[in-house]
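File shown: run_28.tsv. Contents: TSV, C-alpha atoms.
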chain	number	residue	atom	x	y	z
A	1	MET	CA	61.04	52.61	-29.95
A	2	THR	CA	58.12	51.71	-32.22
A	3	SER	CA	55.87	54.71	-32.42
A	4	ILE	CA	54.14	57.25	-34.62
A	5	GLY	CA	53.80	60.61	-33.00
A	6	GLY	CA	54.73	59.06	-29.68
A	7	VAL	CA	52.14	56.23	-29.97
A	8	GLU	CA	53.69	52.82	-29.29
A	9	MET	CA	52.39	49.46	-30.49
A	10	VAL	CA	52.67	48.24	-26.90
A	11	ASP	CA	52.26	50.50	-23.90
A	12	TRP	CA	55.14	49.02	-21.93
A	13	ASN	CA	54.65	51.23	-18.89
A	14	LEU	CA	51.02	50.16	-18.69
A	15	ALA	CA	52.10	46.53	-18.97
A	16	VAL	CA	54.40	46.94	-15.97
A	17	ALA	CA	51.80	48.83	-13.95
A	18	THR	CA	49.09	46.27	-14.72
A	19	ALA	CA	51.29	43.31	-13.84
A	20	ILE	CA	52.37	44.81	-10.54
A	21	ARG	CA	48.83	45.83	-9.63
A	22	PHE	CA	47.32	42.40	-10.23
A	23	ALA	CA	50.22	40.23	-9.07
A	24	ARG	CA	49.42	38.08	-6.07
A	25	SER	CA	50.69	39.25	-2.74
A	26	GLY	CA	53.77	37.44	-1.50
A	27	PRO	CA	54.15	35.42	1.70
A	28	GLU	CA	54.02	37.24	5.01
A	29	VAL	CA	57.55	37.78	6.28
A	30	SER	CA	59.09	40.19	8.72
A	31	GLN	CA	61.76	42.64	7.62
A	32	ASP	CA	64.39	40.55	9.38
A	33	GLU	CA	63.19	37.38	7.65
A	34	ALA	CA	63.17	39.10	4.27
A	35	ARG	CA	66.66	40.52	4.79
A	36	ALA	CA	67.98	37.11	5.89
A	37	ALA	CA	66.43	35.37	2.87
A	38	VAL	CA	68.00	37.85	0.46
A	39	GLN	CA	71.42	37.51	2.06
A	40	GLU	CA	71.24	33.73	2.07
A	41	LEU	CA	70.21	33.57	-1.59
A	42	ARG	CA	73.18	35.72	-2.50
A	43	ARG	CA	75.53	33.45	-0.54
A	44	HIS	CA	74.07	30.34	-2.13
A	45	ALA	CA	74.30	31.85	-5.61
A	46	LYS	CA	77.99	32.55	-5.05
A	47	ALA	CA	78.64	29.07	-3.66
A	48	SER	CA	76.74	27.51	-6.57
A	49	GLU	CA	79.23	28.95	-9.07
A	50	GLU	CA	82.01	26.69	-7.83
A	51	HIS	CA	79.76	23.64	-7.47
A	52	VAL	CA	78.29	23.93	-10.97
A	53	ARG	CA	81.52	24.73	-12.77
A	54	ALA	CA	83.35	21.86	-11.08
A	55	PHE	CA	80.59	19.37	-11.89
A	56	THR	CA	79.97	20.45	-15.49
A	57	ARG	CA	83.62	21.15	-16.35
A	58	MET	CA	82.38	23.99	-18.53
A	59	ALA	CA	84.68	26.93	-19.20
A	60	PRO	CA	84.94	29.54	-21.96
A	61	ALA	CA	87.72	29.21	-24.50
A	62	GLY	CA	89.76	32.00	-22.91
A	63	GLY	CA	89.24	30.67	-19.42
A	64	GLU	CA	87.48	33.82	-18.19
A	65	PHE	CA	83.75	33.72	-17.52
A	66	ALA	CA	81.74	36.77	-18.54
A	67	ASP	CA	80.69	38.93	-15.62
A	68	THR	CA	76.92	38.76	-15.02
A	69	PRO	CA	75.25	39.94	-11.80
A	70	VAL	CA	73.01	37.99	-9.44
A	71	LEU	CA	69.91	40.03	-8.59
A	72	VAL	CA	67.57	38.98	-5.79
A	73	VAL	CA	64.27	40.58	-6.77
A	74	ASP	CA	60.62	40.73	-5.77
A	75	ARG	CA	57.76	40.05	-8.17
A	76	ALA	CA	57.73	43.63	-9.42
A	77	GLY	CA	61.45	43.41	-10.17
A	78	TRP	CA	60.91	40.21	-12.15
A	79	VAL	CA	58.14	41.91	-14.14
A	80	ARG	CA	60.31	44.91	-14.99
A	81	ALA	CA	63.19	42.70	-16.11
A	82	ASN	CA	60.96	40.65	-18.40
A	83	VAL	CA	59.31	43.69	-19.93
A	84	ALA	CA	62.78	45.08	-20.66
A	85	GLY	CA	63.68	41.79	-22.33
A	86	PHE	CA	60.46	41.76	-24.36
A	87	ARG	CA	61.09	45.30	-25.59
A	88	THR	CA	64.50	44.23	-26.89
A	89	VAL	CA	63.44	40.98	-28.53
A	90	LEU	CA	60.14	42.17	-29.99
A	91	GLY	CA	61.50	45.45	-31.33
A	92	PRO	CA	61.97	44.34	-34.97
A	93	LEU	CA	58.52	42.70	-35.13
A	94	LEU	CA	56.78	45.73	-33.64
A	95	ASP	CA	58.61	48.00	-36.08
A	96	LYS	CA	57.24	45.86	-38.89
A	97	MET	CA	53.71	45.99	-37.54
A	98	GLN	CA	53.95	49.72	-36.88
A	99	SER	CA	55.11	50.37	-40.43
A	100	ARG	CA	52.13	48.51	-41.83
A	101	ARG	CA	49.69	50.28	-39.52
A	102	SER	CA	51.09	53.72	-40.38
A	103	ALA	CA	49.95	53.25	-43.97
A	104	THR	CA	46.37	52.57	-42.85
A	105	PRO	CA	43.88	55.46	-42.54
A	106	GLY	CA	43.39	56.16	-38.86
A	107	GLY	CA	46.39	54.01	-38.01
A	108	ALA	CA	47.73	56.37	-35.36
A	109	VAL	CA	44.42	56.32	-33.48
A	110	LEU	CA	44.19	52.55	-33.73
A	111	GLY	CA	47.78	52.35	-32.53
A	112	ALA	CA	47.01	54.39	-29.43
A	113	VAL	CA	44.07	52.17	-28.51
A	114	GLY	CA	45.83	48.95	-29.47
A	115	GLY	CA	48.92	49.86	-27.49
A	116	LYS	CA	46.85	50.29	-24.35
A	117	VAL	CA	44.96	47.05	-24.88
A	118	THR	CA	48.12	45.08	-25.60
A	119	GLY	CA	49.83	46.63	-22.58
A	120	VAL	CA	47.00	45.48	-20.30
A	121	GLU	CA	46.97	41.99	-21.83
A	122	LEU	CA	50.72	41.60	-21.44
A	123	GLY	CA	50.50	42.92	-17.90
A	124	MET	CA	47.83	40.37	-16.97
A	125	LEU	CA	49.94	37.56	-18.38
A	126	LEU	CA	52.99	38.69	-16.44
A	127	SER	CA	50.95	39.07	-13.25
A	128	PHE	CA	49.95	35.40	-13.60
A	129	LEU	CA	53.52	34.25	-14.18
A	130	SER	CA	55.18	36.52	-11.62
A	131	SER	CA	54.11	34.38	-8.67
A	132	ARG	CA	55.28	31.12	-10.28
A	133	VAL	CA	58.86	31.78	-11.34
A	134	LEU	CA	61.57	30.95	-8.79
A	135	GLY	CA	64.50	32.15	-10.83
A	136	GLN	CA	65.53	33.04	-14.34
A	137	TYR	CA	68.60	33.88	-16.36
A	138	GLU	CA	67.36	36.97	-18.22
A	139	THR	CA	69.30	36.90	-21.43
A	140	PHE	CA	68.12	39.91	-23.41
A	141	ALA	CA	67.19	42.72	-21.02
A	142	PRO	CA	69.65	45.63	-21.37
A	143	ALA	CA	71.41	46.93	-18.30
A	144	SER	CA	69.73	49.87	-16.56
A	145	ARG	CA	69.66	51.59	-13.19
A	146	ASP	CA	67.05	49.12	-11.91
A	147	LEU	CA	68.63	46.18	-13.72
A	148	PRO	CA	72.44	46.41	-13.53
A	149	GLY	CA	74.38	44.27	-15.94
A	150	GLY	CA	77.90	43.03	-16.47
A	151	THR	CA	80.10	42.16	-19.42
A	152	GLY	CA	78.10	39.02	-20.18
A	153	GLY	CA	74.94	40.79	-21.28
A	154	GLY	CA	72.61	39.00	-18.88
A	155	GLN	CA	71.36	38.91	-15.31
A	156	LEU	CA	70.55	36.02	-12.97
A	157	LEU	CA	67.25	36.76	-11.22
A	158	LEU	CA	66.21	35.02	-8.00
A	159	VAL	CA	62.61	35.82	-7.05
A	160	ALA	CA	62.80	35.81	-3.26
A	161	PRO	CA	59.06	35.86	-2.33
A	162	ASN	CA	58.30	32.96	-4.66
A	163	ILE	CA	61.16	30.87	-3.28
A	164	VAL	CA	59.96	31.50	0.28
A	165	HIS	CA	56.38	30.70	-0.72
A	166	VAL	CA	57.26	27.37	-2.33
A	167	GLU	CA	59.59	26.21	0.46
A	168	ARG	CA	56.75	26.81	2.91
A	169	GLU	CA	54.19	25.14	0.67
A	170	LEU	CA	56.38	22.05	0.29
A	171	ASP	CA	57.35	22.10	3.98
A	172	VAL	CA	61.03	21.53	3.24
A	173	ASP	CA	64.20	22.83	4.83
A	174	PRO	CA	64.46	26.44	3.62
A	175	HIS	CA	68.26	26.56	3.61
A	176	ASP	CA	68.49	23.39	1.50
A	177	PHE	CA	65.73	24.50	-0.85
A	178	ARG	CA	67.31	27.88	-1.51
A	179	LEU	CA	70.64	26.29	-2.39
A	180	TRP	CA	68.88	23.73	-4.58
A	181	VAL	CA	67.15	26.48	-6.55
A	182	CYS	CA	70.41	28.40	-6.89
A	183	LEU	CA	72.14	25.34	-8.35
A	184	HIS	CA	69.55	25.15	-11.13
A	185	GLU	CA	69.68	28.84	-11.97
A	186	GLU	CA	73.47	29.04	-11.72
A	187	THR	CA	73.65	26.26	-14.31
A	188	HIS	CA	71.78	28.52	-16.74
A	189	ARG	CA	74.19	31.36	-16.02
A	190	THR	CA	77.14	29.03	-16.59
A	191	GLN	CA	75.66	27.86	-19.89
A	192	PHE	CA	75.56	31.39	-21.26
A	193	THR	CA	78.79	32.70	-19.75
A	194	ALA	CA	80.83	29.65	-20.75
A	195	VAL	CA	79.36	29.46	-24.26
A	196	PRO	CA	79.65	32.98	-25.74
A	197	TRP	CA	77.87	32.17	-29.01
A	198	LEU	CA	74.76	30.76	-27.31
A	199	ARG	CA	73.02	34.07	-26.65
A	200	ASP	CA	73.53	35.33	-30.21
A	201	HIS	CA	72.34	32.00	-31.61
A	202	LEU	CA	69.15	32.08	-29.57
A	203	GLU	CA	68.47	35.69	-30.50
A	204	SER	CA	69.02	34.88	-34.17
A	205	GLU	CA	66.54	32.00	-34.02
A	206	ILE	CA	63.97	34.11	-32.17
A	207	GLN	CA	64.31	36.94	-34.66
A	208	ALA	CA	63.94	34.48	-37.53
A	209	PHE	CA	60.77	33.16	-35.88
A	210	LEU	CA	59.39	36.66	-35.41
A	211	GLY	CA	60.40	37.65	-38.92
A	212	GLU	CA	58.11	34.95	-40.29
A	213	THR	CA	55.16	36.23	-38.28
A	214	ASP	CA	52.04	36.94	-40.26
A	215	VAL	CA	51.11	40.41	-39.09
A	216	ASP	CA	47.78	40.58	-40.93
A	217	PRO	CA	45.32	41.50	-38.16
A	218	ALA	CA	42.46	39.40	-39.58
A	219	THR	CA	44.60	36.27	-39.68
A	220	LEU	CA	45.94	36.87	-36.19
A	221	LEU	CA	42.44	37.43	-34.78
A	222	GLU	CA	41.21	34.23	-36.41
A	223	ARG	CA	43.99	32.23	-34.81
A	224	LEU	CA	43.39	33.80	-31.42
A	225	ARG	CA	39.71	32.91	-31.82
A	226	GLU	CA	40.80	29.31	-32.22
A	227	ALA	CA	42.69	29.61	-28.93
A	228	ALA	CA	39.56	30.80	-27.17
A	229	GLN	CA	37.54	27.96	-28.65
A	230	SER	CA	40.13	25.44	-27.54
A	231	LEU	CA	39.62	26.55	-23.95
A	232	THR	CA	35.85	26.07	-24.17
A	233	GLY	CA	36.19	22.55	-25.51
A	234	ASN	CA	35.36	23.27	-29.17
A	235	ARG	CA	37.73	21.75	-31.68
A	236	PRO	CA	38.39	23.95	-34.73
A	237	GLU	CA	40.61	22.78	-37.54
A	238	HIS	CA	44.29	23.48	-38.06
A	239	PRO	CA	45.06	26.06	-40.78
A	240	ASP	CA	46.20	23.11	-42.94
A	241	GLY	CA	42.81	21.40	-42.61
A	242	GLY	CA	43.68	18.85	-39.95
A	243	PRO	CA	41.87	18.63	-36.62
A	244	VAL	CA	43.20	20.25	-33.50
A	245	GLU	CA	44.53	17.74	-31.00
A	246	ARG	CA	42.18	17.02	-28.14
A	247	GLY	CA	42.46	19.68	-25.48
A	248	GLY	CA	43.50	22.46	-27.91
A	249	ARG	CA	46.83	24.06	-28.63
A	250	SER	CA	48.85	26.81	-27.07
A	251	ILE	CA	48.84	30.38	-28.35
A	252	VAL	CA	52.35	29.87	-29.72
A	253	GLU	CA	51.19	26.86	-31.74
A	254	LEU	CA	48.12	28.66	-33.03
A	255	VAL	CA	49.98	31.60	-34.59
A	256	GLN	CA	52.68	29.58	-36.33
A	257	THR	CA	53.40	29.52	-40.02
A	258	PRO	CA	55.04	26.42	-41.59
A	259	ALA	CA	58.44	28.15	-41.54
A	260	GLN	CA	57.96	29.01	-37.88
A	261	ARG	CA	57.25	25.38	-37.04
A	262	GLU	CA	60.72	24.48	-38.28
A	263	ILE	CA	62.35	27.26	-36.29
A	264	LEU	CA	60.31	26.43	-33.20
A	265	ALA	CA	61.41	22.79	-33.45
A	266	ARG	CA	65.03	23.97	-33.22
A	267	LEU	CA	64.24	26.34	-30.37
A	268	THR	CA	62.38	23.61	-28.52
A	269	ALA	CA	65.41	21.33	-28.81
A	270	VAL	CA	67.73	24.03	-27.44
A	271	MET	CA	65.41	24.89	-24.56
A	272	SER	CA	64.99	21.21	-23.72
A	273	LEU	CA	68.77	20.89	-23.63
A	274	LEU	CA	69.22	23.94	-21.39
A	275	GLU	CA	66.44	23.03	-18.95
A	276	GLY	CA	67.30	19.35	-18.86
A	277	HIS	CA	70.98	20.11	-18.33
A	278	ALA	CA	70.10	22.37	-15.39
A	279	ASP	CA	67.97	19.63	-13.82
A	280	PHE	CA	70.73	17.07	-14.38
A	281	VAL	CA	73.35	19.29	-12.78
A	282	MET	CA	71.06	20.14	-9.88
A	283	ASP	CA	70.53	16.44	-9.19
A	284	GLY	CA	74.21	15.65	-9.69
A	285	VAL	CA	75.52	18.29	-7.32
A	286	GLY	CA	72.61	18.15	-4.89
A	287	PRO	CA	73.42	14.98	-2.90
A	288	SER	CA	76.84	16.30	-1.86
A	289	VAL	CA	75.73	19.77	-0.74
A	290	VAL	CA	71.96	19.60	-0.11
A	291	PRO	CA	71.23	17.07	2.66
A	292	SER	CA	67.48	16.84	2.01
A	293	VAL	CA	67.70	16.86	-1.79
A	294	ALA	CA	65.74	13.63	-2.23
A	295	GLU	CA	62.76	14.96	-0.28
A	296	ILE	CA	62.89	18.32	-2.06
A	297	ARG	CA	63.09	16.71	-5.50
A	298	GLU	CA	60.16	14.38	-4.87
A	299	LYS	CA	57.89	17.09	-3.51
A	300	PHE	CA	58.88	19.62	-6.15
A	301	GLN	CA	58.28	17.18	-9.01
A	302	LYS	CA	54.77	16.52	-7.75
A	303	ARG	CA	54.12	20.25	-7.50
A	304	ARG	CA	55.57	20.92	-10.96
A	305	ALA	CA	53.39	18.27	-12.55
A	306	SER	CA	50.11	19.50	-11.07
A	307	GLY	CA	48.31	22.80	-11.41
A	308	ALA	CA	46.72	24.73	-8.55
A	309	GLY	CA	43.24	24.31	-10.07
A	310	ARG	CA	41.25	24.01	-13.28
A	311	LEU	CA	41.83	27.63	-14.27
A	312	ASP	CA	45.56	27.31	-13.61
A	313	GLN	CA	45.72	24.13	-15.69
A	314	ALA	CA	43.79	25.74	-18.56
A	315	LEU	CA	46.08	28.77	-18.58
A	316	ARG	CA	49.19	26.61	-18.48
A	317	LYS	CA	47.97	24.68	-21.51
A	318	LEU	CA	46.97	27.79	-23.45
A	319	LEU	CA	50.28	29.53	-22.71
A	320	GLY	CA	52.30	26.43	-23.58
A	321	LEU	CA	53.64	25.90	-20.05
A	322	ASP	CA	52.83	22.19	-20.25
A	323	ALA	CA	55.32	22.01	-23.11
A	324	LYS	CA	57.93	23.58	-20.83
A	325	LEU	CA	57.39	20.79	-18.29
A	326	ARG	CA	58.07	18.27	-21.04
A	327	GLN	CA	61.26	20.14	-21.88
A	328	TYR	CA	62.58	19.56	-18.35
A	329	ARG	CA	61.80	15.87	-18.53
A	330	ASP	CA	62.91	15.16	-22.10
A	331	GLY	CA	66.04	17.29	-21.84
A	332	GLU	CA	67.14	15.68	-18.59
A	333	ARG	CA	66.77	12.21	-20.13
A	334	PHE	CA	68.88	13.30	-23.11
A	335	VAL	CA	71.66	14.68	-20.94
A	336	ARG	CA	71.64	11.66	-18.62
A	337	ALA	CA	71.80	9.23	-21.55
A	338	VAL	CA	74.63	11.07	-23.33
A	339	VAL	CA	76.72	11.51	-20.18
A	340	GLY	CA	76.19	7.83	-19.41
A	341	GLU	CA	77.54	6.85	-22.83
A	342	VAL	CA	80.36	9.33	-23.51
A	343	GLY	CA	80.98	11.01	-20.14
A	344	MET	CA	80.74	14.68	-19.16
A	345	ASP	CA	83.53	15.81	-21.48
A	346	GLY	CA	81.90	13.92	-24.33
A	347	PHE	CA	78.57	15.55	-23.57
A	348	ASN	CA	80.21	18.99	-23.51
A	349	ARG	CA	80.81	18.72	-27.24
A	350	VAL	CA	77.22	19.88	-27.44
A	351	TRP	CA	78.50	23.40	-26.71
A	352	THR	CA	81.01	23.45	-29.62
A	353	SER	CA	78.81	25.29	-32.12
A	354	PRO	CA	75.18	25.56	-33.24
A	355	ASN	CA	75.84	22.55	-35.47
A	356	THR	CA	76.49	20.31	-32.46
A	357	LEU	CA	73.25	21.21	-30.68
A	358	PRO	CA	70.75	18.34	-30.67
A	359	THR	CA	67.79	18.39	-33.00
A	360	LYS	CA	64.29	17.91	-31.65
A	361	ALA	CA	64.39	14.31	-32.86
A	362	GLU	CA	67.77	13.71	-31.20
A	363	ILE	CA	66.45	14.95	-27.85
A	364	HIS	CA	64.24	11.85	-27.91
A	365	LYS	CA	66.97	9.64	-29.43
A	366	PRO	CA	70.26	10.55	-27.70
A	367	ALA	CA	72.10	7.74	-29.46
A	368	ASP	CA	71.51	9.51	-32.77
A	369	TRP	CA	73.21	12.65	-31.44
A	370	VAL	CA	76.16	10.59	-30.19
A	371	ALA	CA	76.44	8.92	-33.58
A	372	ARG	CA	76.30	12.22	-35.45
A	373	VAL	CA	78.65	14.28	-33.25
A	374	HIS	CA	81.07	11.66	-31.91
A	375	ARG	CA	81.32	8.84	-34.38
A	376	LYS	CA	81.32	11.16	-37.37
A	377	ALA	CA	84.12	13.22	-35.79
A	378	GLU	CA	86.11	10.08	-34.99
A	379	SER	CA	85.72	8.50	-38.42

If you convert what's in this file into structure tokens, what do you get?
Amino acid sequence: MTSIGGVEMVDWNLAVATAIRFARSGPEVSQDEARAAVQELRRHAKASEEHVRAFTRMAPAGGEFADTPVLVVDRAGWVRANVAGFRTVLGPLLDKMQSRRSATPGGAVLGAVGGKVTGVELGMLLSFLSSRVLGQYETFAPASRDLPGGTGGGQLLLVAPNIVHVERELDVDPHDFRLWVCLHEETHRTQFTAVPWLRDHLESEIQAFLGETDVDPATLLERLREAAQSLTGNRPEHPDGGPVERGGRSIVELVQTPAQREILARLTAVMSLLEGHADFVMDGVGPSVVPSVAEIREKFQKRRASGAGRLDQALRKLLGLDAKLRQYRDGERFVRAVVGEVGMDGFNRVWTSPNTLPTKAEIHKPADWVARVHRKAES
């Protein structure tokens, strides 16, 4: 994809191999237990379709939902799917970097070494995340033999060993927990299959963000050095001269340009909406179909808010995972407030076009979104 003489900027195969090699082992289960868990997750995913669509009242304009498969995977399967997605999304940026490197003396040699190093680094990151993700709607990975796709251009992934691990850790009813997880992930699938423009809009924003990336190696290394210092407690300055907030910033924050901050604000608002909406739907549907939903929710919230240890907490902060936790919370409050004021059909105006998506400021002030989208339309 992005190579000179066969040398890629990222050794994707090495990334996969590294992630799988260093991923934590899953819970001990017998073959019968594993087979039963997979079958049950598939049943719950199918049942969740009806529950989520009835509760959200979301449907595409033509009435037909895009066909996207449900894939129950292990940690290695999750890694492969995400690497496939990364290759698709990062392609234009890597082409840009490769073009610049090709004009540098010795660029092909540096590319060979850099591709290996980057592959290992990406693999280590994915190995860390692979034991923490319960499910994911993979939006960008192309269909393949290992990752079949449908007409909707996405796949719903349910990571069976992680689901089993967490249900045991929380000591909750496994049947209820599996359905509860499926409700959340099915909401994400419904969002993308009922709103055809959403995937293209997200990809456009991501590509705009990547297109603004400063690919000068010296600048990038300096910003990554700041990330390392933030972990050790040192407090370097922002590129604009201001101090870093106490506790440091994530890697994403450290490599931003001013233009990227604007794009990231829009992306943050969209992701807060999607995650908060999924939590809202999960809680709305849960009481009628998941008997122990209150216990599951309470225990899971405590687990979500706390790290497994100091290293885990440091990595979450550096990778920006703490920001993702805020997205769940802030987005759910936005959805709850809007539905409370204008009802579910009124809330669903959010899916009309990119112009009706909430801004980052509106996520924190739902009344402003209602005023902009509803009262302006009615005046």

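Residue nearest Ala160 in chain A, chosen from A:His188, A:Arg35, A:Arg333, A:Lys299 and counting all atoms listed in the file: A:Arg35.
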
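Nearest residue to Ala265 in chain A among A:Phe209, A:Phe192, A:Trp12, A:Phe22 is A:Phe209, counting all atoms listed in the file.
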
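The list of residues with at least one atom within 8 Å of Leu156 in chain A, based on all atoms listed in the file and without residues fewer than 3 positions apart in the same chain, reads Thr68, Pro69, Val70, Leu71, Gly135, Gln136, Tyr137, Glu138, Glu185, Glu186 and Arg189 of chain A.
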
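From CA of Val120 in chain A back to CA of Ala15 in chain A, the distance works out to 5.4 Å.
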
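The smallest atom-to-atom distance between Leu264 in chain A and any of A:Ser288, A:Ile296, A:Arg80, A:Leu210, using all atoms listed in the file, is found for A:Leu210.
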
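The residue that comes closest to His184 in chain A, out of A:Ala141, A:Met9, A:Val52, A:Val89 and on the basis of only C-alpha atoms, is A:Val52.
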
I want to know what sits within 9 Å of Ala47 in chain A, based on only C-alpha atoms, with residues of the same chain fewer than 6 positions away left out; could you give that as a PDB file with C-alpha atoms, in the frame of the given file?
ATOM      1  CA  LEU A 179      70.640  26.290  -2.390  1.00  0.00           C
ATOM      2  CA  CYS A 182      70.410  28.400  -6.890  1.00  0.00           C
ATOM      3  CA  LEU A 183      72.140  25.340  -8.350  1.00  0.00           C
TER       4      LEU A 183
END

Contact residues around range 196-199 of chain A with only C-alpha atoms at 12 Å, ignoring same-chain residues under 6 positions, as a VMD selection string: chain A and resid 58 to 67 89 137 to 141 151 to 154 188 to 190 205 to 206 267 270 to 271 274 350 to 357

For Arg21 in chain A: contacts at 9 Å, all atoms listed in the file, fewer than 4 positions along chain excluded, given as a PyMOL selection string: chain A and resi 16-17+123+127

Atom-to-atom span, CA of Lys365 in chain A and CA of Met344 in chain A, Å: 17.9 Å

Neighbour list for Arg24 in chain A as number ranges by chain, cut-off 9 Å, only C-alpha atoms, skip fewer than 3 positions in-chain: A: 20-21, 75, 127-128, 130-131

Using the incomplete input, complete range 31-38 of chain A to the level of all heavy atoms; output as a PDB file, in the coordinates of the input.
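Output saved as part.pdb:
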ATOM      1  N   GLN A  31      60.618  42.018   8.270  1.00  0.00           N
ATOM      2  CA  GLN A  31      61.760  42.640   7.620  1.00  0.00           C
ATOM      3  C   GLN A  31      63.039  41.861   7.860  1.00  0.00           C
ATOM      4  O   GLN A  31      63.869  41.699   6.957  1.00  0.00           O
ATOM      5  CB  GLN A  31      61.923  44.081   8.114  1.00  0.00           C
ATOM      6  CG  GLN A  31      60.882  45.041   7.581  1.00  0.00           C
ATOM      7  CD  GLN A  31      61.201  46.495   7.933  1.00  0.00           C
ATOM      8  OE1 GLN A  31      62.045  46.765   8.780  1.00  0.00           O
ATOM      9  NE2 GLN A  31      60.533  47.420   7.273  1.00  0.00           N
ATOM     10  N   ASP A  32      63.195  41.343   9.070  1.00  0.00           N
ATOM     11  CA  ASP A  32      64.390  40.550   9.380  1.00  0.00           C
ATOM     12  C   ASP A  32      64.411  39.264   8.566  1.00  0.00           C
ATOM     13  O   ASP A  32      65.474  38.853   8.066  1.00  0.00           O
ATOM     14  CB  ASP A  32      64.429  40.229  10.875  1.00  0.00           C
ATOM     15  CG  ASP A  32      64.762  41.449  11.725  1.00  0.00           C
ATOM     16  OD1 ASP A  32      65.271  42.437  11.158  1.00  0.00           O
ATOM     17  OD2 ASP A  32      64.490  41.416  12.940  1.00  0.00           O
ATOM     18  N   GLU A  33      63.253  38.617   8.441  1.00  0.00           N
ATOM     19  CA  GLU A  33      63.190  37.380   7.650  1.00  0.00           C
ATOM     20  C   GLU A  33      63.478  37.659   6.180  1.00  0.00           C
ATOM     21  O   GLU A  33      64.195  36.883   5.521  1.00  0.00           O
ATOM     22  CB  GLU A  33      61.805  36.744   7.796  1.00  0.00           C
ATOM     23  CG  GLU A  33      61.541  36.117   9.154  1.00  0.00           C
ATOM     24  CD  GLU A  33      60.110  35.630   9.292  1.00  0.00           C
ATOM     25  OE1 GLU A  33      59.185  36.308   8.754  1.00  0.00           O
ATOM     26  OE2 GLU A  33      59.892  34.584   9.928  1.00  0.00           O
ATOM     27  N   ALA A  34      62.936  38.752   5.667  1.00  0.00           N
ATOM     28  CA  ALA A  34      63.170  39.100   4.270  1.00  0.00           C
ATOM     29  C   ALA A  34      64.647  39.401   4.018  1.00  0.00           C
ATOM     30  O   ALA A  34      65.234  38.931   3.035  1.00  0.00           O
ATOM     31  CB  ALA A  34      62.309  40.302   3.884  1.00  0.00           C
ATOM     32  N   ARG A  35      65.246  40.169   4.929  1.00  0.00           N
ATOM     33  CA  ARG A  35      66.660  40.520   4.790  1.00  0.00           C
ATOM     34  C   ARG A  35      67.531  39.256   4.851  1.00  0.00           C
ATOM     35  O   ARG A  35      68.482  39.103   4.064  1.00  0.00           O
ATOM     36  CB  ARG A  35      67.056  41.490   5.905  1.00  0.00           C
ATOM     37  CG  ARG A  35      68.438  42.103   5.725  1.00  0.00           C
ATOM     38  CD  ARG A  35      68.756  43.094   6.834  1.00  0.00           C
ATOM     39  NE  ARG A  35      67.793  44.206   6.874  1.00  0.00           N
ATOM     40  CZ  ARG A  35      66.886  44.366   7.825  1.00  0.00           C
ATOM     41  NH1 ARG A  35      66.826  43.502   8.849  1.00  0.00           N
ATOM     42  NH2 ARG A  35      66.065  45.387   7.796  1.00  0.00           N
ATOM     43  N   ALA A  36      67.203  38.342   5.755  1.00  0.00           N
ATOM     44  CA  ALA A  36      67.980  37.110   5.890  1.00  0.00           C
ATOM     45  C   ALA A  36      67.848  36.239   4.644  1.00  0.00           C
ATOM     46  O   ALA A  36      68.830  35.632   4.193  1.00  0.00           O
ATOM     47  CB  ALA A  36      67.523  36.342   7.128  1.00  0.00           C
ATOM     48  N   ALA A  37      66.643  36.174   4.072  1.00  0.00           N
ATOM     49  CA  ALA A  37      66.430  35.370   2.870  1.00  0.00           C
ATOM     50  C   ALA A  37      67.242  35.912   1.701  1.00  0.00           C
ATOM     51  O   ALA A  37      67.868  35.153   0.950  1.00  0.00           O
ATOM     52  CB  ALA A  37      64.949  35.331   2.518  1.00  0.00           C
ATOM     53  N   VAL A  38      67.244  37.223   1.545  1.00  0.00           N
ATOM     54  CA  VAL A  38      68.000  37.850   0.460  1.00  0.00           C
ATOM     55  C   VAL A  38      69.488  37.567   0.623  1.00  0.00           C
ATOM     56  O   VAL A  38      70.187  37.193  -0.338  1.00  0.00           O
ATOM     57  CB  VAL A  38      67.722  39.360   0.416  1.00  0.00           C
ATOM     58  CG1 VAL A  38      68.705  40.056  -0.533  1.00  0.00           C
ATOM     59  CG2 VAL A  38      66.291  39.632  -0.012  1.00  0.00           C
TER      60      VAL A  38
END
